[in-house]
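The structure file model_35.txt is reproduced below (compact mmCIF, C-alpha atoms).
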# COMPACT_ATOMS: atom_id res chain seq x y z
CA MET A 1 0.00 0.00 0.00
CA THR A 2 -0.21 0.87 1.45
CA THR A 3 -0.48 2.19 4.96
CA ASN A 4 -1.25 4.03 2.00
CA ALA A 5 -3.67 3.56 -0.67
CA HIS A 6 -1.23 1.54 -1.13
CA SER A 7 0.74 -1.16 -3.31
CA SER A 8 3.17 -0.55 -7.93
CA ARG A 9 0.18 1.12 -7.29
CA SER A 10 1.45 3.92 -9.51
CA LEU A 11 2.52 5.04 -12.93
CA ARG A 12 6.19 4.64 -13.69
CA ASN A 13 8.45 6.80 -15.82
CA HIS A 14 10.26 5.61 -18.88
CA PRO A 15 14.01 6.24 -18.70
CA GLY A 16 14.78 9.90 -19.22
CA ALA A 17 11.34 10.77 -20.50
CA ALA A 18 9.06 12.57 -18.09
CA ALA A 19 6.61 13.18 -20.91
CA VAL A 20 6.14 9.45 -21.29
CA ALA A 21 4.78 9.26 -17.75
CA LEU A 22 2.05 11.65 -18.81
CA ALA A 23 1.40 9.53 -21.87
CA ALA A 24 1.20 6.46 -19.67
CA ALA A 25 -1.29 8.23 -17.44
CA THR A 26 -3.38 9.09 -20.50
CA VAL A 27 -3.30 5.50 -21.68
CA LEU A 28 -4.13 4.30 -18.18
CA LEU A 29 -7.16 6.50 -17.77
CA ALA A 30 -8.28 5.78 -21.29
CA GLY A 31 -8.06 2.10 -20.48
CA CYS A 32 -10.16 2.59 -17.40
CA SER A 33 -12.84 4.57 -19.16
CA SER A 34 -12.98 1.81 -21.75
CA SER A 35 -14.07 -0.45 -18.88
CA ASP A 36 -17.67 0.54 -19.45
CA ASP A 37 -18.03 3.42 -17.00
CA THR A 38 -17.43 7.09 -17.74
CA SER A 39 -19.48 8.52 -14.88
CA ASP A 40 -18.15 10.52 -11.99
CA PRO A 41 -16.28 8.01 -9.81
CA LEU A 42 -17.31 9.93 -6.69
CA ALA A 43 -21.00 9.70 -7.47
CA GLY A 44 -22.69 7.94 -4.58
CA ASP A 45 -25.50 6.18 -6.46
CA LYS A 46 -25.77 2.45 -6.05
CA ALA A 47 -25.65 0.25 -9.13
CA ALA A 48 -28.93 -0.71 -10.67
CA GLY A 49 -30.18 -4.26 -10.33
CA ASP A 50 -27.61 -6.99 -10.21
CA THR A 51 -24.67 -4.96 -11.53
CA VAL A 52 -21.45 -5.34 -9.56
CA VAL A 53 -19.54 -2.05 -9.25
CA VAL A 54 -15.77 -2.53 -9.18
CA GLY A 55 -13.89 0.46 -7.83
CA SER A 56 -10.22 1.35 -7.62
CA ASN A 57 -7.98 3.78 -5.79
CA ASN A 58 -5.99 6.45 -7.58
CA PHE A 59 -2.88 4.51 -8.52
CA ALA A 60 -2.09 2.26 -11.47
CA GLU A 61 -1.88 -1.10 -9.74
CA SER A 62 -5.26 -0.68 -8.07
CA ILE A 63 -6.82 0.13 -11.43
CA LEU A 64 -5.12 -2.88 -13.03
CA ILE A 65 -6.30 -5.28 -10.31
CA ALA A 66 -9.80 -3.81 -10.47
CA ASP A 67 -9.83 -4.61 -14.18
CA ILE A 68 -8.70 -8.17 -13.38
CA TYR A 69 -11.52 -8.54 -10.84
CA GLY A 70 -14.11 -7.04 -13.15
CA GLU A 71 -13.17 -9.12 -16.16
CA ALA A 72 -13.04 -12.29 -14.04
CA LEU A 73 -16.61 -11.56 -12.93
CA LYS A 74 -17.69 -10.83 -16.49
CA ALA A 75 -16.26 -14.20 -17.56
CA LYS A 76 -18.86 -15.77 -15.24
CA GLY A 77 -21.68 -13.80 -16.84
CA ILE A 78 -21.91 -11.23 -14.05
CA LYS A 79 -22.82 -7.66 -15.02
CA VAL A 80 -20.01 -5.24 -14.12
CA SER A 81 -19.49 -1.49 -14.15
CA TYR A 82 -16.36 0.36 -13.08
CA LYS A 83 -15.62 3.38 -10.90
CA PRO A 84 -11.88 3.77 -11.54
CA ASN A 85 -9.25 6.06 -10.07
CA ILE A 86 -11.46 7.31 -7.24
CA GLY A 87 -8.97 8.42 -4.62
CA SER A 88 -7.44 7.22 -1.39
CA ARG A 89 -8.75 4.62 1.06
CA GLU A 90 -10.33 7.38 3.11
CA THR A 91 -12.73 7.97 0.19
CA THR A 92 -13.28 4.47 -1.15
CA TYR A 93 -14.05 2.91 2.24
CA GLY A 94 -17.03 5.21 2.65
CA LEU A 95 -18.31 4.39 -0.81
CA LEU A 96 -18.07 0.68 0.00
CA LYS A 97 -20.00 1.11 3.23
CA ASN A 98 -22.93 2.79 1.48
CA GLY A 99 -22.95 0.27 -1.36
CA SER A 100 -21.82 2.64 -4.10
CA ILE A 101 -18.94 0.21 -4.71
CA THR A 102 -19.32 -3.57 -4.53
CA VAL A 103 -15.71 -4.68 -4.95
CA LEU A 104 -12.40 -2.95 -4.33
CA PRO A 105 -8.82 -4.28 -4.53
CA GLU A 106 -7.28 -3.93 -1.08
CA TYR A 107 -4.04 -4.75 0.71
CA ASN A 108 -4.88 -6.62 3.88
CA GLY A 109 -2.31 -5.22 6.30
CA SER A 110 -2.70 -1.70 4.96
CA LEU A 111 -6.44 -1.91 5.45
CA LEU A 112 -6.00 -3.21 9.00
CA ALA A 113 -3.64 -0.33 9.82
CA TYR A 114 -6.29 2.08 8.56
CA LEU A 115 -8.98 0.43 10.68
CA ASP A 116 -6.81 -0.03 13.77
CA ALA A 117 -3.43 1.68 13.84
CA LYS A 118 -2.37 -0.26 16.93
CA ALA A 119 -3.20 -3.72 15.63
CA GLU A 120 -0.27 -6.13 15.58
CA GLN A 121 0.49 -7.85 12.30
CA THR A 122 2.04 -11.20 13.08
CA SER A 123 0.75 -13.44 10.29
CA LEU A 124 -1.48 -13.45 7.22
CA ALA A 125 -4.25 -15.25 9.12
CA THR A 126 -4.21 -12.93 12.12
CA VAL A 127 -4.14 -9.85 9.90
CA ASN A 128 -7.18 -10.98 7.93
CA ALA A 129 -9.08 -12.03 11.05
CA ALA A 130 -8.37 -8.72 12.75
CA ALA A 131 -9.34 -6.72 9.66
CA LYS A 132 -12.62 -8.62 9.28
CA ALA A 133 -13.42 -7.96 12.92
CA LYS A 134 -12.90 -4.21 12.46
CA LEU A 135 -14.75 -3.88 9.16
CA ASP A 136 -18.18 -2.35 8.89
CA SER A 137 -20.73 -5.18 9.25
CA LYS A 138 -21.82 -4.75 5.63
CA LEU A 139 -18.30 -5.51 4.36
CA THR A 140 -15.98 -8.49 4.28
CA LEU A 141 -12.62 -9.58 2.91
CA LEU A 142 -12.35 -12.52 0.54
CA GLU A 143 -9.29 -14.75 0.24
CA SER A 144 -5.90 -13.04 0.05
CA SER A 145 -3.57 -13.65 -2.86
CA PRO A 146 0.12 -14.48 -2.43
CA ALA A 147 0.83 -11.25 -4.33
CA GLU A 148 2.17 -8.72 -1.88
CA ASP A 149 2.99 -5.10 -2.56
CA LYS A 150 3.81 -2.94 0.40
CA ASP A 151 5.11 0.49 1.28
CA SER A 152 8.79 1.03 1.82
CA VAL A 153 11.19 3.84 2.51
CA THR A 154 13.43 3.84 -0.54
CA VAL A 155 16.42 6.06 -1.23
CA ASN A 156 17.81 7.12 -4.57
CA ALA A 157 21.14 5.91 -5.93
CA ALA A 158 23.02 9.09 -4.98
CA THR A 159 21.82 8.95 -1.38
CA ALA A 160 22.60 5.26 -1.13
CA LYS A 161 26.12 5.89 -2.36
CA LYS A 162 26.67 8.90 -0.10
CA TYR A 163 25.64 7.05 3.07
CA ASN A 164 26.76 3.54 2.08
CA LEU A 165 23.25 2.16 2.08
CA THR A 166 22.66 -1.21 0.41
CA ALA A 167 19.86 -3.72 -0.07
CA THR A 168 20.69 -5.14 3.37
CA SER A 169 20.46 -1.75 5.12
CA THR A 170 17.50 -1.19 7.41
CA LEU A 171 15.33 1.72 8.43
CA ALA A 172 17.26 1.80 11.70
CA ASP A 173 20.34 2.75 9.69
CA LEU A 174 18.63 6.06 8.86
CA LYS A 175 18.40 7.29 12.45
CA ASP A 176 21.48 9.53 12.26
CA ILE A 177 20.94 10.31 8.58
CA ALA A 178 17.23 11.21 8.49
CA PRO A 179 17.70 14.83 9.69
CA GLU A 180 19.62 15.47 6.47
CA LEU A 181 16.98 13.93 4.19
CA VAL A 182 13.73 15.16 2.65
CA LEU A 183 11.10 12.42 2.63
CA GLY A 184 8.44 12.25 -0.07
CA GLY A 185 5.09 10.49 -0.22
CA SER A 186 1.34 10.90 -0.41
CA PRO A 187 -0.30 13.52 1.81
CA GLU A 188 -1.86 10.70 3.84
CA PHE A 189 1.59 9.24 4.58
CA GLN A 190 2.11 12.15 7.02
CA THR A 191 -0.71 11.06 9.34
CA ARG A 192 -0.60 7.26 9.20
CA GLN A 193 1.04 4.87 11.61
CA GLN A 194 2.36 3.05 8.55
CA GLY A 195 3.99 6.33 7.60
CA ILE A 196 5.71 9.20 9.38
CA LEU A 197 4.08 8.42 12.75
CA GLY A 198 5.43 4.89 12.77
CA LEU A 199 8.81 5.81 11.35
CA GLU A 200 9.26 8.09 14.36
CA SER A 201 7.72 5.88 17.05
CA VAL A 202 9.20 2.58 15.88
CA TYR A 203 12.55 3.64 14.41
CA GLY A 204 13.10 7.08 15.92
CA LEU A 205 13.37 8.73 12.51
CA LYS A 206 12.93 12.47 12.20
CA PHE A 207 13.41 13.72 8.67
CA LYS A 208 14.54 17.19 7.63
CA SER A 209 11.14 17.79 6.03
CA PHE A 210 8.30 16.06 4.20
CA LYS A 211 7.21 16.78 0.65
CA ALA A 212 3.64 15.84 -0.23
CA LEU A 213 3.57 14.16 -3.63
CA ASP A 214 1.47 11.17 -4.72
CA ALA A 215 1.01 7.56 -3.63
CA GLY A 216 4.23 6.14 -5.03
CA GLY A 217 3.37 7.50 -8.47
CA PRO A 218 5.13 9.58 -11.14
CA LEU A 219 5.52 12.65 -8.91
CA THR A 220 7.23 10.65 -6.17
CA GLN A 221 9.40 8.72 -8.62
CA ALA A 222 10.47 11.88 -10.44
CA ALA A 223 11.26 13.71 -7.19
CA LEU A 224 13.37 10.79 -5.98
CA LYS A 225 15.17 10.49 -9.31
CA LYS A 226 15.88 14.25 -9.43
CA ASN A 227 16.95 14.28 -5.77
CA THR A 228 14.20 16.74 -4.83
CA VAL A 229 13.59 14.17 -2.14
CA GLN A 230 16.29 11.77 -1.04
CA ALA A 231 13.93 9.15 0.41
CA ALA A 232 10.37 8.28 -0.50
CA ASP A 233 7.48 5.93 0.03
CA ILE A 234 7.86 3.60 -2.94
CA PHE A 235 5.95 0.35 -3.33
CA THR A 236 7.97 -2.82 -3.37
CA THR A 237 6.80 -4.10 -6.75
CA ASP A 238 7.58 -0.80 -8.48
CA PRO A 239 9.67 -1.52 -11.61
CA THR A 240 11.49 1.81 -11.25
CA ILE A 241 13.38 0.46 -8.24
CA THR A 242 15.43 -1.69 -10.57
CA GLN A 243 15.34 0.76 -13.44
CA GLU A 244 16.69 3.70 -11.41
CA LYS A 245 18.86 1.66 -8.99
CA PHE A 246 16.89 2.85 -6.00
CA VAL A 247 17.62 1.06 -2.71
CA VAL A 248 14.74 -0.29 -0.62
CA LEU A 249 15.51 -0.21 3.10
CA GLN A 250 14.60 -3.32 5.06
CA ASP A 251 11.90 -3.12 7.72
CA PRO A 252 12.92 -5.57 10.48
CA GLU A 253 10.26 -4.28 12.89
CA ASN A 254 7.57 -4.97 10.28
CA LEU A 255 6.19 -1.43 10.46
CA PHE A 256 4.74 -1.76 6.99
CA GLY A 257 3.19 -5.08 7.89
CA PHE A 258 1.48 -7.30 5.37
CA ALA A 259 0.16 -6.13 2.03
CA ASN A 260 -1.41 -9.10 0.29
CA VAL A 261 -3.78 -8.20 -2.52
CA THR A 262 -7.26 -9.02 -1.21
CA PRO A 263 -10.78 -8.26 -2.51
CA LEU A 264 -12.84 -6.09 -0.16
CA VAL A 265 -16.55 -6.49 -0.89
CA TYR A 266 -19.97 -5.14 -0.01
CA LYS A 267 -21.50 -8.45 1.07
CA SER A 268 -25.04 -8.09 -0.18
CA GLY A 269 -23.87 -6.98 -3.61
CA LEU A 270 -21.93 -10.09 -4.61
CA SER A 271 -23.26 -13.59 -5.30
CA GLN A 272 -21.49 -16.80 -4.30
CA GLU A 273 -20.50 -17.21 -7.94
CA GLY A 274 -18.86 -13.81 -7.81
CA ILE A 275 -17.09 -14.67 -4.56
CA ASP A 276 -15.76 -17.88 -6.11
CA ALA A 277 -14.53 -15.99 -9.19
CA LEU A 278 -12.57 -13.48 -7.12
CA ASN A 279 -11.13 -16.18 -4.85
CA ALA A 280 -9.96 -17.99 -7.98
CA VAL A 281 -8.10 -14.84 -9.01
CA SER A 282 -6.46 -14.65 -5.59
CA ALA A 283 -5.32 -18.25 -5.88
CA LYS A 284 -3.49 -17.48 -9.12
CA LEU A 285 -2.08 -13.99 -8.56
CA ASP A 286 1.40 -14.01 -7.03
CA THR A 287 4.01 -11.28 -6.62
CA LYS A 288 6.00 -12.35 -9.67
CA ALA A 289 2.91 -12.16 -11.87
CA LEU A 290 1.89 -8.82 -10.40
CA LEU A 291 5.32 -7.32 -11.01
CA GLU A 292 5.18 -8.43 -14.66
CA LEU A 293 1.70 -6.98 -15.11
CA ASP A 294 2.78 -3.72 -13.46
CA PHE A 295 5.75 -3.57 -15.80
CA GLN A 296 3.50 -3.89 -18.83
CA VAL A 297 1.16 -1.13 -17.69
CA GLN A 298 3.61 1.24 -16.08
CA LEU A 299 6.71 0.96 -18.23
CA GLU A 300 5.36 -0.32 -21.53
CA SER A 301 2.25 1.89 -21.42
CA LYS A 302 -0.13 -0.96 -22.21
CA ASP A 303 -3.83 -0.55 -21.56
CA PRO A 304 -4.51 -2.11 -18.12
CA LEU A 305 -7.78 -3.59 -19.36
CA ASP A 306 -5.97 -5.41 -22.15
CA VAL A 307 -3.28 -6.58 -19.72
CA ALA A 308 -5.94 -7.83 -17.32
CA LYS A 309 -7.77 -9.79 -20.01
CA ALA A 310 -4.57 -11.38 -21.29
CA TRP A 311 -3.50 -12.48 -17.82
CA LEU A 312 -6.90 -13.94 -17.00
CA LYS A 313 -6.81 -15.94 -20.22
CA SER A 314 -3.29 -17.21 -19.46
CA ALA A 315 -4.42 -18.18 -15.93
CA GLY A 316 -7.45 -20.04 -17.24
CA LEU A 317 -9.86 -17.53 -15.71
CA GLY A 318 -10.86 -15.47 -18.72
Representation of the structure as structure tokens:
Amino acid sequence: MTTNAHSSRSLRNHPGAAAVALAAATVLLAGCSSSDDTSDPLAGDKAAGDTVVVGSNNFAESILIADIYGEALKAKGIKVSYKPNIGSRETTYGLLKNGSITVLPEYNGSLLAYLDAKAEQTSLATVNAAAKAKLDSKLTLLESSPAEDKDSVTVNAATAKKYNLTATSTLADLKDIAPELVLGGSPEFQTRQQGILGLESVYGLKFKSFKALDAGGPLTQAALKKNTVQAADIFTTDPTITQEKFVVLQDPENLFGFANVTPLVYKSGLSQEGIDALNAVSAKLDTKALLELDFQVQLESKDPLDVAKAWLKSAGLG
């Protein structure tokens, strides 16, 4: 997540071409609008009849997974409409509670942190049980996938070199360095336990300043690449980590918890057939597959709807 509206859950830049990120965003949004719904994503009206409304947060991976969920449901003959690119969890959770959205891709540990900032995250089973217990009674989580995409504090190549930070370095290694670094992330990252609050309380990190950007998206990536920020909240399946030689700092205290991709649903809006279809997706979607799909959408500028359909077909679900 995401923690944040987590999990990457973002557009990525092509090497040396900021304009391409904008092109990718155009393709992304075009792909979403091609998913049958061009209405205002913040409209609160419930879907008519037996239509399942699949929503997504405002980052690329969420939109991609929403397309996977929606097309998997369509393959079972279920009517689907989309509300893509809505916003952060703070917005989408309310729309789920009132039934404006039926299905939303979530990240289990990130959702639990949103519902209960003090909840311990010791295992996949305990995270899901705790999240279900805290959910509004009209909502539930379905089965989690092995695919996991979580927040991280990641530094750029220049910062890593300057402070001798490597892939084995941890967040604790930033304690004496943080006062010299500008941290970037989504506005919500400032007020979340799986964000600045936890970085200070768990690791004792106090950064020079915070720059509000986006949820691991093109603004954050560009700022980190240009050294406008030296550290940033970047999601762990973000292809730009490898592309730009960013260094992800390890999180031994498990501040960022678990982030398994999990369908969050409005219970009365989804049939058992729909539940089975989404659980089948979870059974097939692992981190390796998710990273490859993210790469296609975020670096190759492919339409997420096309990517979703192709993966479902390859997984025997389309």
Could you pull the residues within 12 Å of A:Glu200, counting only C-alpha atoms, minus those fewer than 2 positions along the same chain, as a compact mmCIF listing (two decimals) with C-alpha atoms, keeping the file's coordinate frame?
# COMPACT_ATOMS: atom_id res chain seq x y z
CA LEU A 171 15.33 1.72 8.43
CA ALA A 172 17.26 1.80 11.70
CA LEU A 174 18.63 6.06 8.86
CA LYS A 175 18.40 7.29 12.45
CA ALA A 178 17.23 11.21 8.49
CA PRO A 179 17.70 14.83 9.69
CA GLN A 190 2.11 12.15 7.02
CA THR A 191 -0.71 11.06 9.34
CA ARG A 192 -0.60 7.26 9.20
CA GLN A 193 1.04 4.87 11.61
CA GLN A 194 2.36 3.05 8.55
CA GLY A 195 3.99 6.33 7.60
CA ILE A 196 5.71 9.20 9.38
CA LEU A 197 4.08 8.42 12.75
CA GLY A 198 5.43 4.89 12.77
CA VAL A 202 9.20 2.58 15.88
CA TYR A 203 12.55 3.64 14.41
CA GLY A 204 13.10 7.08 15.92
CA LEU A 205 13.37 8.73 12.51
CA LYS A 206 12.93 12.47 12.20
CA PHE A 207 13.41 13.72 8.67
CA LEU A 255 6.19 -1.43 10.46
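For A:Glu148, the list of residues within 9 Å, based on only C-alpha atoms and with local chain neighbours fewer than 4 positions off taken out, reads Ser7, Tyr107, Thr236, Thr237, Phe258, Ala259, Asn260, Val261, Asp286, Thr287 and Leu290 of chain A.
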For those residues, write C-alpha atoms to a file as a PDB file, keeping the file's coordinate frame.
ATOM      1  CA  SER A   7       0.740  -1.160  -3.310  1.00  0.00           C
ATOM      2  CA  TYR A 107      -4.040  -4.750   0.710  1.00  0.00           C
ATOM      3  CA  THR A 236       7.970  -2.820  -3.370  1.00  0.00           C
ATOM      4  CA  THR A 237       6.800  -4.100  -6.750  1.00  0.00           C
ATOM      5  CA  PHE A 258       1.480  -7.300   5.370  1.00  0.00           C
ATOM      6  CA  ALA A 259       0.160  -6.130   2.030  1.00  0.00           C
ATOM      7  CA  ASN A 260      -1.410  -9.100   0.290  1.00  0.00           C
ATOM      8  CA  VAL A 261      -3.780  -8.200  -2.520  1.00  0.00           C
ATOM      9  CA  ASP A 286       1.400 -14.010  -7.030  1.00  0.00           C
ATOM     10  CA  THR A 287       4.010 -11.280  -6.620  1.00  0.00           C
ATOM     11  CA  LEU A 290       1.890  -8.820 -10.400  1.00  0.00           C
TER      12      LEU A 290
END
To one decimal place in Å, what is the distance between atom CA of A:Pro105 and atom CA of A:Asp67?
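If I compute the distance from atom CA of A:Pro105 to atom CA of A:Asp67, I get 9.7 Å.
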Just to confirm, what's the straight-line distance from atom CA of A:Leu291 to atom CA of A:Ile65 in Å (one decimal)?
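That distance, rounded to one decimal, is 11.8 Å.
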Length of the atom CA of A:Phe246 to atom CA of A:Ala215 vector [Å]:
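Interatomic distance, atom CA of A:Phe246 to atom CA of A:Ala215: 16.7 Å.
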Residues around (-0.7, 7.9, -3.1), cut-off 6 Å, counting all atoms listed in the file - what are they as a VMD selection string?
chain A and resid 5 186 214 to 216
Starting from the point (8.2, 14.3, 1.6), work out which residues of protein, DNA or RNA have an atom no more than 6 Å away when counting all atoms listed in the file; state them as a PyMOL selection string.
chain A and resi 182-185+210-212
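With all atoms listed in the file taken into account, the protein and nucleic acid residues at most 12 Å from A:Glu292 (excluding it and anything under 4 positions from it in its own chain) are Ser8, Glu61, Leu64, Ala147, Thr237, Asp238, Pro239, Leu285, Asp286, Thr287, Lys288, Gln296, Val297, Gln298, Leu299, Glu300, Lys302, Val307, Ala308 and Trp311 of chain A.
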Based on the selection just made, write C-alpha atoms of those residues as a tab-separated table (two decimals), keeping the file's coordinate frame.
chain	number	residue	atom	x	y	z
A	8	SER	CA	3.17	-0.55	-7.93
A	61	GLU	CA	-1.88	-1.10	-9.74
A	64	LEU	CA	-5.12	-2.88	-13.03
A	147	ALA	CA	0.83	-11.25	-4.33
A	237	THR	CA	6.80	-4.10	-6.75
A	238	ASP	CA	7.58	-0.80	-8.48
A	239	PRO	CA	9.67	-1.52	-11.61
A	285	LEU	CA	-2.08	-13.99	-8.56
A	286	ASP	CA	1.40	-14.01	-7.03
A	287	THR	CA	4.01	-11.28	-6.62
A	288	LYS	CA	6.00	-12.35	-9.67
A	296	GLN	CA	3.50	-3.89	-18.83
A	297	VAL	CA	1.16	-1.13	-17.69
A	298	GLN	CA	3.61	1.24	-16.08
A	299	LEU	CA	6.71	0.96	-18.23
A	300	GLU	CA	5.36	-0.32	-21.53
A	302	LYS	CA	-0.13	-0.96	-22.21
A	307	VAL	CA	-3.28	-6.58	-19.72
A	308	ALA	CA	-5.94	-7.83	-17.32
A	311	TRP	CA	-3.50	-12.48	-17.82
Applying 12 Å and all atoms listed in the file, which residues near stretch 156-166 of chain A remain after dropping the ones on its own chain fewer than 2 positions away? List them as a ChimeraX atom specification.
/A:153-154,168-178,180-184,220-234,240-250
Shortest interatomic distance to A:Ala280 - which of A:Leu73, A:Leu305, A:Val52, A:Ile86, counting all atoms listed in the file:
A:Leu73
Pick from A:Gly316, A:Pro252, A:Gly217, A:Gly109: nearest to A:Ala283, with only C-alpha atoms counted?
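Closest to A:Ala283 of all the choices is A:Gly316.
Comparing the minimum interatomic distances between A:Tyr114 and each of A:Tyr266, A:Val54, A:Ala66, A:Phe256, counting only C-alpha atoms, we find that A:Phe256 sits nearest.
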Nearest to A:Glu71 by atom-to-atom distance, counting all atoms listed in the file, from A:Ala277, A:Asn108, A:Ile101, A:Phe295:
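So, comparing all the options, the nearest one is A:Ala277.
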Across A:Pro304, A:Pro218, A:Gly55, A:Pro187, the smallest distance to A:Val103, with all atoms listed in the file counted, is shown by A:Gly55
Output, as JSON, the centre and edge lengths in Å (one decimal) of the axis-aligned box that contains all listed atoms of stretch 235-241 of chain A with 4 Å of margin on each side.
{"center_x": 9.7, "center_y": -1.1, "center_z": -7.5, "size_x": 15.4, "size_y": 13.9, "size_z": 16.3}
From the list A:Val127, A:Gly274, A:Asn279, A:Asn254, which residue is nearest A:Gly77 when using all atoms listed in the file?
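Distance minimum relative to A:Gly77 lands on A:Gly274.
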Can you tell me which residues surround A:Ala130 at a distance of at most 9 Å, considering all atoms listed in the file, apart from same-chain residues fewer than 6 positions away, and format the answer as number ranges by chain?
A: 112, 116, 119-121
